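The file protein-v6.json comes next; it holds JSON, C-alpha atoms.
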[["chain", "number", "residue", "atom", "x", "y", "z"],
["A", 1, "MET", "CA", 238.25, 215.54, 165.68],
["A", 2, "ALA", "CA", 236.11, 214.03, 168.43],
["A", 3, "GLY", "CA", 238.59, 211.15, 168.77],
["A", 4, "GLN", "CA", 241.45, 213.60, 169.23],
["A", 5, "SER", "CA", 239.65, 215.53, 171.97],
["A", 6, "LEU", "CA", 238.82, 212.27, 173.72],
["A", 7, "ALA", "CA", 242.43, 211.12, 173.50],
["A", 8, "TYR", "CA", 243.61, 214.50, 174.78],
["A", 9, "ARG", "CA", 241.10, 214.34, 177.61],
["A", 10, "TYR", "CA", 242.38, 210.98, 178.78],
["A", 11, "SER", "CA", 246.04, 211.92, 178.31],
["A", 12, "VAL", "CA", 245.55, 214.96, 180.56],
["A", 13, "LEU", "CA", 243.59, 212.96, 183.14],
["A", 14, "ASN", "CA", 245.91, 209.96, 183.30],
["A", 15, "ASN", "CA", 248.76, 211.41, 185.30],
["A", 16, "GLU", "CA", 249.65, 209.84, 188.65],
["A", 17, "THR", "CA", 248.01, 212.49, 190.84],
["A", 18, "THR", "CA", 244.70, 212.15, 189.05],
["A", 19, "LYS", "CA", 244.83, 208.38, 189.32],
["A", 20, "PHE", "CA", 245.56, 208.62, 193.03],
["A", 21, "LEU", "CA", 242.68, 211.05, 193.61],
["A", 22, "THR", "CA", 240.38, 208.86, 191.55],
["A", 23, "TYR", "CA", 241.20, 205.83, 193.70],
["A", 24, "ILE", "CA", 240.78, 207.87, 196.90],
["A", 25, "ILE", "CA", 237.31, 209.00, 195.77],
["A", 26, "ILE", "CA", 236.37, 205.44, 194.84],
["A", 27, "VAL", "CA", 237.61, 203.95, 198.14],
["A", 28, "PHE", "CA", 235.87, 206.53, 200.31],
["A", 29, "ASN", "CA", 232.66, 206.22, 198.32],
["A", 30, "ILE", "CA", 232.71, 202.45, 198.76],
["A", 31, "ILE", "CA", 233.14, 202.95, 202.51],
["A", 32, "PHE", "CA", 230.23, 205.39, 202.54],
["A", 33, "ALA", "CA", 228.14, 202.99, 200.45],
["A", 34, "VAL", "CA", 228.66, 200.34, 203.12],
["A", 35, "LEU", "CA", 227.71, 202.86, 205.83],
["A", 36, "GLY", "CA", 224.63, 203.91, 203.83],
["A", 37, "SER", "CA", 223.53, 200.30, 203.48],
["A", 38, "MET", "CA", 224.02, 199.85, 207.23],
["A", 39, "MET", "CA", 221.80, 202.89, 207.84],
["A", 40, "ILE", "CA", 219.12, 201.38, 205.62],
["A", 41, "ALA", "CA", 219.44, 198.01, 207.37],
["A", 42, "LEU", "CA", 219.15, 199.62, 210.82],
["A", 43, "GLY", "CA", 216.14, 201.65, 209.74],
["A", 44, "LEU", "CA", 214.41, 198.59, 208.29],
["A", 45, "TYR", "CA", 215.21, 196.60, 211.45],
["A", 46, "MET", "CA", 213.68, 199.30, 213.66],
["A", 47, "LEU", "CA", 210.68, 199.55, 211.35],
["A", 48, "PHE", "CA", 209.84, 195.85, 211.10],
["A", 49, "GLU", "CA", 211.11, 194.27, 214.34],
["A", 50, "ASP", "CA", 208.02, 193.24, 216.35],
["A", 51, "ASP", "CA", 209.31, 193.70, 219.91],
["A", 52, "PHE", "CA", 210.71, 197.12, 219.13],
["A", 53, "ARG", "CA", 207.48, 198.14, 217.39],
["A", 54, "SER", "CA", 205.33, 197.01, 220.32],
["A", 55, "TRP", "CA", 207.60, 198.83, 222.78],
["A", 56, "ILE", "CA", 207.26, 202.11, 220.85],
["A", 57, "ILE", "CA", 203.49, 201.65, 220.64],
["A", 58, "ASP", "CA", 203.30, 200.87, 224.37],
["A", 59, "LEU", "CA", 205.23, 204.05, 225.16],
["A", 60, "GLY", "CA", 202.95, 206.04, 222.87],
["A", 61, "MET", "CA", 205.92, 207.48, 220.98],
["A", 62, "GLN", "CA", 204.46, 207.45, 217.48],
["A", 63, "GLN", "CA", 206.54, 210.55, 216.66],
["A", 64, "TYR", "CA", 209.58, 208.27, 216.89],
["A", 65, "TRP", "CA", 208.80, 206.79, 213.46],
["A", 66, "VAL", "CA", 209.67, 210.11, 211.83],
["A", 67, "GLY", "CA", 213.29, 209.57, 212.92],
["A", 68, "VAL", "CA", 213.27, 206.07, 211.45],
["A", 69, "TYR", "CA", 211.98, 207.39, 208.12],
["A", 70, "ILE", "CA", 214.64, 210.12, 208.15],
["A", 71, "LEU", "CA", 217.28, 207.44, 208.78],
["A", 72, "LEU", "CA", 216.00, 205.41, 205.81],
["A", 73, "ALA", "CA", 215.94, 208.49, 203.56],
["A", 74, "ALA", "CA", 219.46, 209.45, 204.64],
["A", 75, "GLY", "CA", 220.69, 205.94, 203.86],
["A", 76, "ILE", "CA", 219.10, 205.99, 200.42],
["A", 77, "PHE", "CA", 220.50, 209.47, 199.72],
["A", 78, "THR", "CA", 223.96, 208.31, 200.83],
["A", 79, "MET", "CA", 223.76, 205.30, 198.50],
["A", 80, "LEU", "CA", 222.78, 207.54, 195.55],
["A", 81, "GLN", "CA", 225.53, 210.00, 196.38],
["A", 82, "THR", "CA", 228.18, 207.28, 196.49],
["A", 83, "PHE", "CA", 226.88, 205.89, 193.20],
["A", 84, "PHE", "CA", 227.44, 209.28, 191.54],
["A", 85, "GLY", "CA", 230.88, 209.57, 193.13],
["A", 86, "VAL", "CA", 232.14, 206.13, 192.10],
["A", 87, "LEU", "CA", 230.69, 206.31, 188.61],
["A", 88, "GLY", "CA", 232.00, 209.83, 188.02],
["A", 89, "ALA", "CA", 235.47, 209.04, 189.34],
["A", 90, "TYR", "CA", 235.81, 205.71, 187.55],
["A", 91, "GLN", "CA", 234.53, 206.85, 184.18],
["A", 92, "LYS", "CA", 235.90, 210.39, 184.53],
["A", 93, "LYS", "CA", 232.49, 211.84, 183.70],
["A", 94, "ARG", "CA", 232.22, 215.53, 184.47],
["A", 95, "PHE", "CA", 228.41, 215.46, 184.80],
["A", 96, "MET", "CA", 228.48, 212.62, 187.36],
["A", 97, "LEU", "CA", 231.17, 214.38, 189.36],
["A", 98, "LEU", "CA", 229.05, 217.53, 189.26],
["A", 99, "LEU", "CA", 226.05, 215.58, 190.58],
["A", 100, "PHE", "CA", 228.31, 214.15, 193.28],
["A", 101, "ALA", "CA", 229.53, 217.64, 194.26],
["A", 102, "VAL", "CA", 225.99, 219.04, 194.33],
["A", 103, "SER", "CA", 224.74, 216.14, 196.46],
["A", 104, "MET", "CA", 227.71, 216.65, 198.82],
["A", 105, "PHE", "CA", 226.76, 220.32, 199.14],
["A", 106, "ILE", "CA", 223.13, 219.42, 199.84],
["A", 107, "CYS", "CA", 224.29, 216.88, 202.42],
["A", 108, "ILE", "CA", 226.47, 219.46, 204.20],
["A", 109, "VAL", "CA", 223.62, 221.99, 204.27],
["A", 110, "LEU", "CA", 221.22, 219.37, 205.67],
["A", 111, "GLU", "CA", 223.75, 218.31, 208.30],
["A", 112, "LEU", "CA", 224.22, 221.92, 209.40],
["A", 113, "ALA", "CA", 220.45, 222.42, 209.53],
["A", 114, "GLY", "CA", 220.11, 219.24, 211.60],
["A", 115, "ALA", "CA", 222.86, 220.39, 213.96],
["A", 116, "VAL", "CA", 221.16, 223.76, 214.42],
["A", 117, "TYR", "CA", 217.83, 222.02, 215.06],
["A", 118, "MET", "CA", 219.39, 219.66, 217.62],
["A", 119, "LEU", "CA", 221.13, 222.52, 219.41],
["A", 120, "LYS", "CA", 217.91, 224.50, 219.51],
["A", 121, "ASN", "CA", 215.59, 221.60, 220.37],
["A", 122, "GLY", "CA", 217.87, 219.28, 222.31],
["A", 123, "VAL", "CA", 216.68, 217.02, 225.09],
["A", 124, "SER", "CA", 217.47, 219.40, 227.95],
["A", 125, "TYR", "CA", 214.77, 222.01, 228.50],
["A", 126, "SER", "CA", 212.72, 220.84, 225.54],
["A", 127, "HIS", "CA", 209.18, 219.57, 225.16],
["A", 128, "ILE", "CA", 210.34, 215.94, 224.94],
["A", 129, "GLU", "CA", 211.76, 216.05, 228.47],
["A", 130, "ILE", "CA", 208.41, 217.16, 229.84],
["A", 131, "TRP", "CA", 206.60, 214.58, 227.72],
["A", 132, "LEU", "CA", 208.88, 211.77, 228.93],
["A", 133, "TYR", "CA", 208.50, 212.85, 232.56],
["A", 134, "ASP", "CA", 204.70, 212.90, 232.29],
["A", 135, "ARG", "CA", 204.63, 209.57, 230.46],
["A", 136, "PHE", "CA", 206.88, 207.81, 233.00],
["A", 137, "MET", "CA", 204.87, 209.23, 235.91],
["A", 138, "TYR", "CA", 201.73, 207.89, 234.28],
["A", 139, "PHE", "CA", 203.31, 204.44, 233.86],
["A", 140, "ILE", "CA", 204.46, 204.43, 237.47],
["A", 141, "SER", "CA", 201.03, 205.43, 238.77],
["A", 142, "VAL", "CA", 199.11, 202.77, 236.82],
["A", 143, "SER", "CA", 201.71, 199.96, 236.76],
["A", 144, "ASP", "CA", 200.02, 198.19, 239.69],
["A", 145, "PHE", "CA", 196.72, 197.95, 237.79],
["A", 146, "ASP", "CA", 197.62, 197.87, 234.10],
["A", 147, "GLU", "CA", 199.62, 194.92, 232.71],
["A", 148, "GLN", "CA", 200.78, 196.83, 229.64],
["A", 149, "SER", "CA", 202.18, 199.65, 231.79],
["A", 150, "LYS", "CA", 203.82, 197.13, 234.09],
["A", 151, "ARG", "CA", 205.45, 195.41, 231.13],
["A", 152, "THR", "CA", 206.65, 198.72, 229.67],
["A", 153, "MET", "CA", 208.17, 199.81, 232.99],
["A", 154, "SER", "CA", 209.85, 196.42, 233.30],
["A", 155, "ILE", "CA", 211.38, 196.77, 229.82],
["A", 156, "ILE", "CA", 212.58, 200.30, 230.60],
["A", 157, "GLN", "CA", 214.18, 199.23, 233.87],
["A", 158, "GLU", "CA", 215.91, 196.21, 232.31],
["A", 159, "TRP", "CA", 217.08, 197.59, 228.96],
["A", 160, "VAL", "CA", 217.24, 201.38, 229.06]]
Please render this file's structure as structure tokens.
Amino acid sequence: MAGQSLAYRYSVLNNETTKFLTYIIIVFNIIFAVLGSMMIALGLYMLFEDDFRSWIIDLGMQQYWVGVYILLAAGIFTMLQTFFGVLGAYQKKRFMLLLFAVSMFICIVLELAGAVYMLKNGVSYSHIEIWLYDRFMYFISVSDFDEQSKRTMSIIQEWV
């Protein structure tokens, strides 16, 4: 009886439309897996690259590392999500596809929350604009006496 239900399951799921949708899910998940691995690579680069690390420390922007950790977590979450999507689509497993759908829903909710946060706390008229202004004025005022401030201002003028 279990063999008949399995055969019926695959006979229903093996029509052309289902195959096409399965391949679409697999292709898009592979693309997103590549993008997720690129997010992880970029986060690890920003975390471990010495010049970048010293520049952030010189600016006194330790709160910047939170963004790097969020980028790493988003990359890992994207990789897990694509794993569930590819595995569920390829093996036609309902539980894996359910995990994929739930993780997609969580991702959409987090993206909306991030968009609301960015709209509310954007750069214009926010505390970071005041902080950057004060920090740059400090660097300008002490750049004639402090080598670290002079170096930081030089990097900002050349690269930013």
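Going from atom CA of A:Phe100 over to atom CA of A:Thr22, you cover 13.3 Å.
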Report summary line: Counting all atoms listed in the file, the residue among A:Leu99, A:Ala74, A:Ile31, A:Ile156 that lies closest to A:Glu111 is A:Ala74
Query - Answer as a count of residues only, residues within 12 Å of (225.1, 217.1, 199.5) using all atoms listed in the file - result: 24
Query raised in the report: Can you tell me, as a ChimeraX atom specification, what residues are no more than 12 Å from A:Leu47 when counting all atoms listed in the file, ignoring any on the same chain fewer than 4 positions away?
Result: /A:40-43,51-57,62,64-72
Requested in this report: Return the single residue from A:Thr18, A:Val142, A:Phe83, A:Lys120 that is closest to A:Leu97, with distances computed using all atoms listed in the file.
Outcome: A:Phe83
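Distance-wise, atom CA of A:Ile140 and atom CA of A:Tyr45 end up 29.2 Å apart.
Residue nearest A:Arg135 within the list A:Lys92, A:Phe32, A:Met61, A:Gly114: A:Met61 [criterion: smallest interatomic distance, all atoms listed in the file].
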